[in-house]
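Visitor: Okay, handing you the structure first.
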Amino acid sequence: MVDPGTVVNAIKQARDRRTAPLILELDLTDGIMETAPSDPISALMSMRRTGLRDVLDGLRRARSDTRVRALVVKVSGGMGLALVQELREAVQALRDAGKLTVAWAETFGEGGRGTIPYYLATGFDKVYLQPTGEVGLTGVAIEEPFLAGALEKAGVQPRFAKRHEYKTMANTFMEKAYTPEHEESSRRLVASIGEQVTAGIAAGRGLQPDRVRELTDRGPLLADEALEENLVDRLAYRDEVYADLRTEFGEEAQLRYVARYNRSHGLAGRLPHPGRQDTVALINGHGPIRLGRSGRGGPLPNSGPTMGSDTIGAAFRAAVKDDRVKAIVFRVNSPGGSAVASDAIWREVVLARRAGKPVIVSMGNVAASGGYYVAMGADAIVAQPGTLTGSIGVVAGKAVVNGLLDRVGITFGTVADGDHARMFSATKDFSDSEWERVNAALDRIYDDFTAKVAEGRDLSRDRVHELARGRVWTGADAREHGLVDELGGIDTALDLARKKSGLPTDAPIRLYPHTSPLERLRQPESSEDRAAASARFDAWGSLGGLAARLGLPAAGPLTLPGTWEIR
């Protein structure tokens, strides 16, 4: 027989759990995943990782939830500047709603860079630092390699052409130092990012910008130095951080990860709304752009995603066909790649607009070169101040390795039928007629690119050429020059999409293609089948041919030069 007292206690405990204060948690040690991988196995394995939408939606729900009293976040490195700015915006909105926000870290850089993680932490009410940690506030820098000298010694001859002088990828292989234009562009990028970071830290910590710059020039700062200079509020270990929260909100306060909180509350929020609802489609495009399906960019487990034109095109077509979809938000986080694939995706954006569905682009950390190409036809472009964008230009070429092969004793026998049959061979230089073909292609791509920018952005061709020539801009500078419409994150883009389509401010969001990891394994019925937009086993691309014998795929002519992540 069940003890009535036990039942009463169980009911009371359940009631107490439902009414106890909530402290939301977020651990950024492994970063935040913007979208699930395209291939099904990786998608299944990633289901435990924290997703950006869960974080943003959870923090939005928490603003009006009286049970939520605080947010505590373990800050770590590994996130790009634009994503950090997106999180800072969400945290600021939570602060404005009267919730306590606490950031803590073992260290902001341990013998390494900590500027961007610390910049994120300064968006919170309180900043805690482990007593043995440091604040690696050292400023912003870009280091770019020049390989011409090494290639010369190795017997490799780089043969590249570009449009135009700011398209600096070719410089990596053909120069031994900065060209004037290359240095000018890089200096402005660093200055713009430095201005944003300094202003954010100054506002967050109640310091003057000049004082922040002085402290930056002294960095990295030891924990006690950081405390003395008001860069942190308290030196404490993790247990002491949580003890402070328990003291403020009571021992009965419950801890809940933001993602779990959002999923449980999100399900409850959908139950009272049966039937078909008008919605905003969210299409994610991440990684280098290529023809075919999205997938992983290489054979290794940590290979990043790629944006396949077939996948993105099918997602747009599915969203256009769905009469519930009233607007589309296209999230772009890409350094570019294939010019043809970029153009195919641009076309789908244009067709969606012609079908009466507003398209809003939300730029992530990087949306440049081909990443800008796929965005330029949208109704509006939203970027973070720290987004790297632009790079409206084109580069093509090859490396001739005859000298290297001679040194190691490798020779080739060759027969060919056709004057240009070996045009793309690494064992011969371009002939005059082949150079003519290379330059004709570059001129056509650049002219087409800039013409579409002019049309999409309502700018003159001359003005576009001034802003183009391959130059990379921050989102803040791009907005000043008319390449971007608004500054903000994906929530800003979603709000704009709802407004342009006349949807209510709480209209739901639906991912496209809308398939589960298991559904991605099935054979599609036709090219119009939504599941065709999802990667199957052969969409792993690199694994199909063991990554072209363990080599990474070529980037393509519309590619941002170098590695551009400011952390």
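Identifiers for the structure tokens are assigned positionally: chains receive A, B, ... in sequence, residues are indexed from 1 per chain, and ligands are indexed from 1 in the order shown.
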Within 12 Å of Lys357 of chain A, counting only C-alpha atoms, which residues qualify if same-chain residues fewer than 2 places away don't, as a PDB file with N, CA, C and O atoms, in the first residue's frame?
Guide:
```pdb
ATOM      1  N   THR A 279       4.623  30.934 -42.112  1.00  0.00           N
ATOM      2  CA  THR A 279       5.925  30.795 -41.495  1.00  0.00           C
ATOM      3  C   THR A 279       6.998  31.513 -42.302  1.00  0.00           C
ATOM      4  O   THR A 279       6.792  31.913 -43.445  1.00  0.00           O
ATOM      5  N   VAL A 280       8.168  31.655 -41.675  1.00  0.00           N
ATOM      6  CA  VAL A 280       9.370  32.135 -42.350  1.00  0.00           C
ATOM      7  C   VAL A 280      10.286  30.941 -42.557  1.00  0.00           C
ATOM      8  O   VAL A 280      10.568  30.191 -41.617  1.00  0.00           O
ATOM      9  N   ALA A 281      10.735  30.738 -43.778  1.00  0.00           N
ATOM     10  CA  ALA A 281      11.676  29.661 -44.068  1.00  0.00           C
ATOM     11  C   ALA A 281      13.086  30.128 -43.740  1.00  0.00           C
ATOM     12  O   ALA A 281      13.470  31.257 -44.057  1.00  0.00           O
ATOM     13  N   PHE A 316      15.465  26.327 -51.632  1.00  0.00           N
ATOM     14  CA  PHE A 316      14.712  27.506 -52.083  1.00  0.00           C
ATOM     15  C   PHE A 316      13.456  27.089 -52.837  1.00  0.00           C
ATOM     16  O   PHE A 316      12.365  27.656 -52.623  1.00  0.00           O
ATOM     17  N   ARG A 317      13.575  26.114 -53.725  1.00  0.00           N
ATOM     18  CA  ARG A 317      12.402  25.703 -54.500  1.00  0.00           C
ATOM     19  C   ARG A 317      11.315  25.122 -53.598  1.00  0.00           C
ATOM     20  O   ARG A 317      10.126  25.371 -53.799  1.00  0.00           O
ATOM     21  N   ALA A 319      10.794  25.910 -50.462  1.00  0.00           N
ATOM     22  CA  ALA A 319      10.194  27.019 -49.718  1.00  0.00           C
ATOM     23  C   ALA A 319       9.252  27.823 -50.605  1.00  0.00           C
ATOM     24  O   ALA A 319       8.195  28.287 -50.146  1.00  0.00           O
ATOM     25  N   VAL A 320       9.614  28.000 -51.862  1.00  0.00           N
ATOM     26  CA  VAL A 320       8.756  28.752 -52.784  1.00  0.00           C
ATOM     27  C   VAL A 320       7.450  27.991 -53.039  1.00  0.00           C
ATOM     28  O   VAL A 320       6.362  28.582 -53.108  1.00  0.00           O
ATOM     29  N   LYS A 321       7.528  26.672 -53.162  1.00  0.00           N
ATOM     30  CA  LYS A 321       6.336  25.862 -53.443  1.00  0.00           C
ATOM     31  C   LYS A 321       5.395  25.780 -52.244  1.00  0.00           C
ATOM     32  O   LYS A 321       4.197  25.552 -52.416  1.00  0.00           O
ATOM     33  N   ASP A 322       5.909  25.955 -51.045  1.00  0.00           N
ATOM     34  CA  ASP A 322       5.098  25.818 -49.834  1.00  0.00           C
ATOM     35  C   ASP A 322       4.309  27.117 -49.617  1.00  0.00           C
ATOM     36  O   ASP A 322       4.889  28.164 -49.336  1.00  0.00           O
ATOM     37  N   ASP A 323       2.980  27.040 -49.721  1.00  0.00           N
ATOM     38  CA  ASP A 323       2.182  28.258 -49.598  1.00  0.00           C
ATOM     39  C   ASP A 323       2.148  28.808 -48.184  1.00  0.00           C
ATOM     40  O   ASP A 323       1.683  29.922 -47.946  1.00  0.00           O
ATOM     41  N   ARG A 324       2.635  28.017 -47.207  1.00  0.00           N
ATOM     42  CA  ARG A 324       2.725  28.539 -45.846  1.00  0.00           C
ATOM     43  C   ARG A 324       3.904  29.486 -45.679  1.00  0.00           C
ATOM     44  O   ARG A 324       3.925  30.304 -44.763  1.00  0.00           O
ATOM     45  N   VAL A 325       4.897  29.346 -46.527  1.00  0.00           N
ATOM     46  CA  VAL A 325       6.102  30.176 -46.422  1.00  0.00           C
ATOM     47  C   VAL A 325       5.818  31.540 -47.041  1.00  0.00           C
ATOM     48  O   VAL A 325       5.511  31.649 -48.227  1.00  0.00           O
ATOM     49  N   LYS A 326       5.929  32.592 -46.235  1.00  0.00           N
ATOM     50  CA  LYS A 326       5.651  33.946 -46.711  1.00  0.00           C
ATOM     51  C   LYS A 326       6.926  34.766 -46.911  1.00  0.00           C
ATOM     52  O   LYS A 326       6.882  35.833 -47.521  1.00  0.00           O
ATOM     53  N   ALA A 327       8.030  34.283 -46.373  1.00  0.00           N
ATOM     54  CA  ALA A 327       9.312  34.973 -46.538  1.00  0.00           C
ATOM     55  C   ALA A 327      10.425  33.972 -46.274  1.00  0.00           C
ATOM     56  O   ALA A 327      10.214  32.924 -45.658  1.00  0.00           O
ATOM     57  N   ILE A 328      11.620  34.301 -46.762  1.00  0.00           N
ATOM     58  CA  ILE A 328      12.773  33.409 -46.629  1.00  0.00           C
ATOM     59  C   ILE A 328      13.941  34.184 -46.033  1.00  0.00           C
ATOM     60  O   ILE A 328      14.252  35.294 -46.485  1.00  0.00           O
ATOM     61  N   VAL A 329      14.566  33.601 -45.016  1.00  0.00           N
ATOM     62  CA  VAL A 329      15.825  34.128 -44.492  1.00  0.00           C
ATOM     63  C   VAL A 329      16.929  33.157 -44.896  1.00  0.00           C
ATOM     64  O   VAL A 329      16.848  31.960 -44.615  1.00  0.00           O
ATOM     65  N   GLU A 348      18.380  31.215 -57.773  1.00  0.00           N
ATOM     66  CA  GLU A 348      17.275  30.747 -56.923  1.00  0.00           C
ATOM     67  C   GLU A 348      16.772  31.867 -56.014  1.00  0.00           C
ATOM     68  O   GLU A 348      15.579  31.954 -55.734  1.00  0.00           O
ATOM     69  N   VAL A 349      17.683  32.724 -55.536  1.00  0.00           N
ATOM     70  CA  VAL A 349      17.268  33.878 -54.731  1.00  0.00           C
ATOM     71  C   VAL A 349      16.377  34.794 -55.567  1.00  0.00           C
ATOM     72  O   VAL A 349      15.317  35.251 -55.111  1.00  0.00           O
ATOM     73  N   VAL A 350      16.794  35.060 -56.791  1.00  0.00           N
ATOM     74  CA  VAL A 350      16.020  35.937 -57.680  1.00  0.00           C
ATOM     75  C   VAL A 350      14.654  35.330 -57.971  1.00  0.00           C
ATOM     76  O   VAL A 350      13.626  36.030 -57.933  1.00  0.00           O
ATOM     77  N   LEU A 351      14.606  34.020 -58.248  1.00  0.00           N
ATOM     78  CA  LEU A 351      13.331  33.370 -58.557  1.00  0.00           C
ATOM     79  C   LEU A 351      12.394  33.382 -57.355  1.00  0.00           C
ATOM     80  O   LEU A 351      11.174  33.533 -57.510  1.00  0.00           O
ATOM     81  N   ALA A 352      12.928  33.240 -56.169  1.00  0.00           N
ATOM     82  CA  ALA A 352      12.082  33.300 -54.972  1.00  0.00           C
ATOM     83  C   ALA A 352      11.442  34.673 -54.837  1.00  0.00           C
ATOM     84  O   ALA A 352      10.256  34.793 -54.494  1.00  0.00           O
ATOM     85  N   ARG A 353      12.213  35.710 -55.096  1.00  0.00           N
ATOM     86  CA  ARG A 353      11.661  37.069 -55.026  1.00  0.00           C
ATOM     87  C   ARG A 353      10.589  37.273 -56.092  1.00  0.00           C
ATOM     88  O   ARG A 353       9.555  37.890 -55.832  1.00  0.00           O
ATOM     89  N   ARG A 354      10.828  36.757 -57.290  1.00  0.00           N
ATOM     90  CA  ARG A 354       9.828  36.885 -58.358  1.00  0.00           C
ATOM     91  C   ARG A 354       8.540  36.159 -57.998  1.00  0.00           C
ATOM     92  O   ARG A 354       7.452  36.534 -58.454  1.00  0.00           O
ATOM     93  N   ALA A 355       8.655  35.110 -57.198  1.00  0.00           N
ATOM     94  CA  ALA A 355       7.467  34.359 -56.771  1.00  0.00           C
ATOM     95  C   ALA A 355       6.727  35.068 -55.644  1.00  0.00           C
ATOM     96  O   ALA A 355       5.710  34.553 -55.152  1.00  0.00           O
ATOM     97  N   VAL A 359      13.206  37.801 -49.659  1.00  0.00           N
ATOM     98  CA  VAL A 359      14.394  37.069 -49.238  1.00  0.00           C
ATOM     99  C   VAL A 359      15.303  38.029 -48.469  1.00  0.00           C
ATOM    100  O   VAL A 359      15.708  39.065 -48.994  1.00  0.00           O
ATOM    101  N   ILE A 360      15.598  37.668 -47.234  1.00  0.00           N
ATOM    102  CA  ILE A 360      16.494  38.459 -46.396  1.00  0.00           C
ATOM    103  C   ILE A 360      17.731  37.612 -46.116  1.00  0.00           C
ATOM    104  O   ILE A 360      17.613  36.472 -45.679  1.00  0.00           O
ATOM    105  N   ALA A 378      19.238  39.553 -52.812  1.00  0.00           N
ATOM    106  CA  ALA A 378      18.176  39.523 -51.806  1.00  0.00           C
ATOM    107  C   ALA A 378      17.487  40.875 -51.673  1.00  0.00           C
ATOM    108  O   ALA A 378      18.012  41.911 -52.104  1.00  0.00           O
ATOM    109  N   ASP A 379      16.306  40.877 -51.055  1.00  0.00           N
ATOM    110  CA  ASP A 379      15.610  42.132 -50.769  1.00  0.00           C
ATOM    111  C   ASP A 379      16.400  42.992 -49.801  1.00  0.00           C
ATOM    112  O   ASP A 379      16.389  44.226 -49.898  1.00  0.00           O
ATOM    113  N   ALA A 497      12.132  39.944 -42.112  1.00  0.00           N
ATOM    114  CA  ALA A 497      11.368  39.080 -43.021  1.00  0.00           C
ATOM    115  C   ALA A 497       9.892  39.062 -42.635  1.00  0.00           C
ATOM    116  O   ALA A 497       9.006  39.129 -43.501  1.00  0.00           O
ATOM    117  N   ARG A 498       9.602  38.966 -41.341  1.00  0.00           N
ATOM    118  CA  ARG A 498       8.206  38.998 -40.898  1.00  0.00           C
ATOM    119  C   ARG A 498       7.551  40.324 -41.264  1.00  0.00           C
ATOM    120  O   ARG A 498       6.399  40.363 -41.721  1.00  0.00           O
ATOM    121  N   LYS A 500       8.381  42.464 -43.698  1.00  0.00           N
ATOM    122  CA  LYS A 500       8.204  42.632 -45.143  1.00  0.00           C
ATOM    123  C   LYS A 500       7.079  41.769 -45.699  1.00  0.00           C
ATOM    124  O   LYS A 500       6.479  42.101 -46.718  1.00  0.00           O
ATOM    125  N   SER A 501       6.796  40.637 -45.034  1.00  0.00           N
ATOM    126  CA  SER A 501       5.755  39.736 -45.518  1.00  0.00           C
ATOM    127  C   SER A 501       4.435  39.903 -44.789  1.00  0.00           C
ATOM    128  O   SER A 501       3.474  39.178 -45.069  1.00  0.00           O
ATOM    129  N   GLY A 502       4.366  40.850 -43.836  1.00  0.00           N
ATOM    130  CA  GLY A 502       3.132  41.081 -43.110  1.00  0.00           C
ATOM    131  C   GLY A 502       2.797  40.019 -42.088  1.00  0.00           C
ATOM    132  O   GLY A 502       1.638  39.907 -41.659  1.00  0.00           O
TER     133      GLY A 502
END
```
Visitor: What are the DSSP strand (DSSP E or B) residues of segment 248-455 of chain A, as an NGL selection string?
Guide: :A and (254-257 or 279-286 or 289-290 or 295-296 or 305-308 or 325-334 or 336-337 or 359-368 or 380-383 or 388-390 or 394-400)
Visitor: Considering only C-alpha atoms, can you say which of A:Val332, A:Val75, A:Ala105, A:Val190 comes closest to Thr474 of chain A?
Guide: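 Under the stated criterion, the closest residue is A:Val190.
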Visitor: Neighbouring residues of segment 392-404 of chain A were defined as those with any atom within 8 Å, considering only C-alpha atoms; residues of the same chain fewer than 5 positions away were excluded. Please report them as a tab-separated table (two decimals) with C-alpha atoms, in the first residue's frame.
Guide:
```
chain	number	residue	atom	x	y	z
A	154	ALA	CA	61.12	24.65	-54.34
A	155	GLY	CA	61.02	25.12	-58.10
A	156	VAL	CA	57.31	25.99	-58.25
A	157	GLN	CA	56.13	28.82	-60.49
A	158	PRO	CA	52.79	30.40	-59.49
A	159	ARG	CA	50.74	31.53	-62.47
A	160	PHE	CA	47.70	33.58	-61.41
A	161	ALA	CA	45.59	36.41	-62.77
A	162	LYS	CA	43.01	38.41	-60.82
A	163	ARG	CA	40.35	41.10	-60.98
A	164	HIS	CA	41.46	43.42	-59.43
A	167	LYS	CA	41.82	40.38	-54.76
A	169	MET	CA	44.62	35.48	-52.78
A	170	ALA	CA	47.08	35.45	-55.67
A	368	ALA	CA	32.60	37.30	-48.99
A	369	SER	CA	33.42	36.78	-52.65
A	372	TYR	CA	28.56	37.94	-51.25
A	373	TYR	CA	27.54	36.78	-54.74
A	424	PHE	CA	45.28	23.23	-66.67
A	425	SER	CA	48.21	20.88	-66.26
A	426	ALA	CA	50.66	21.68	-63.46
A	427	THR	CA	53.56	20.55	-65.68
A	428	LYS	CA	53.43	23.34	-68.26
A	429	ASP	CA	53.09	27.11	-68.26
A	438	VAL	CA	42.09	32.83	-68.65
A	442	LEU	CA	38.13	36.57	-65.49
A	445	ILE	CA	33.02	36.74	-64.34
A	446	TYR	CA	34.02	40.11	-62.91
A	449	PHE	CA	29.50	39.90	-60.78
A	450	THR	CA	29.67	43.69	-60.63
A	467	LEU	CA	33.85	49.19	-53.86
A	468	ALA	CA	34.76	45.94	-55.59
A	469	ARG	CA	38.18	45.18	-57.10
A	470	GLY	CA	38.37	42.26	-54.67
A	471	ARG	CA	38.44	44.36	-51.50
A	472	VAL	CA	37.26	42.84	-48.21
A	556	GLY	CA	37.20	28.13	-56.93
A	557	PRO	CA	37.67	31.56	-58.50
A	558	LEU	CA	35.28	33.40	-56.14
A	559	THR	CA	37.14	32.73	-52.92
```
Visitor: What's around Leu81 of chain A at 10 Å? Count only C-alpha atoms, leave out sequence neighbours fewer than 5 positions away in its own chain, and write the answer as a list of chain:residue names.
Guide: A:Glu86, A:Leu87, A:Ile116, A:Pro117, A:Tyr119, A:Leu120, A:Ile193, A:Val197, A:Gly364, A:Asn365, A:Val366, A:Gln384, A:Pro385, A:Gly386, A:Thr387, A:Leu388, A:Glu565, A:Ile566, A:Arg567
Visitor: As a ChimeraX atom specification, which residues of segment 224-386 of chain A does DSSP assign to helix (DSSP H, G or I)?
Guide: /A:224-228,238-249,258-270,309-321,339-354,370-373
Visitor: Could you give me, as a VMD selection string, the residues within 9 Å of segment 256-264 of chain A, counting only C-alpha atoms and dropping anything in the same chain fewer than 4 positions from it?
Guide: chain A and resid 22 to 27 50 to 59 61 to 62 71 268 to 269
Visitor: Which residue, A:Asp477, A:Glu106, A:Asp96, A:Glu434, has the smallest gap to Ala223 of chain A when you use only C-alpha atoms?
Guide: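 Going through A:Asp477, A:Glu106, A:Asp96, A:Glu434 one by one, the smallest distance to Ala223 of chain A is for A:Glu106.
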Visitor: Can you tell me, as a list in words, what residues are no more than 12 Å from Arg205 of chain A when counting only C-alpha atoms, ignoring any on the same chain fewer than 5 positions away?
Guide: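 Residues near the query, excluding close chain neighbours: Tyr118, Tyr119, Leu120, Ala121, Thr122, Gly123, Phe124, Asp125, Lys126, Val127, Thr198, Ala199, Gly200, Arg211, Val212, Ala226, Leu227, Glu229, Asn230, Leu231, Val232 and Asp233 of chain A.
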Visitor: In Å to one decimal, how far is atom CA of Lys176 of chain A from atom CA of Asp432 of chain A?
Guide: 25.6 Å
Visitor: Which residue out of A:Arg49, A:Ala150, A:Glu252, A:Trp104 has the minimum interatomic distance to Pro21 of chain A when only C-alpha atoms are used?
Guide: A:Glu252
Visitor: Between atom CA of Phe108 of chain A and atom CA of Pro131 of chain A, what is the distance in Å, rounded to a tenth?
Guide: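 These two atoms are separated by 11.7 Å.
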Visitor: What does the structure give for the distance between atom CA of Val140 of chain A and atom CA of Glu214 of chain A, in Å to one decimal?
Guide: 13.9 Å
Visitor: Might you pull out every residue within 8 Å of Ser309 of chain A, with only C-alpha atoms counted and same-chain residues fewer than 6 positions away left off, and present them as a ChimeraX atom specification?
Guide: /A:289-294,341-342,344-345
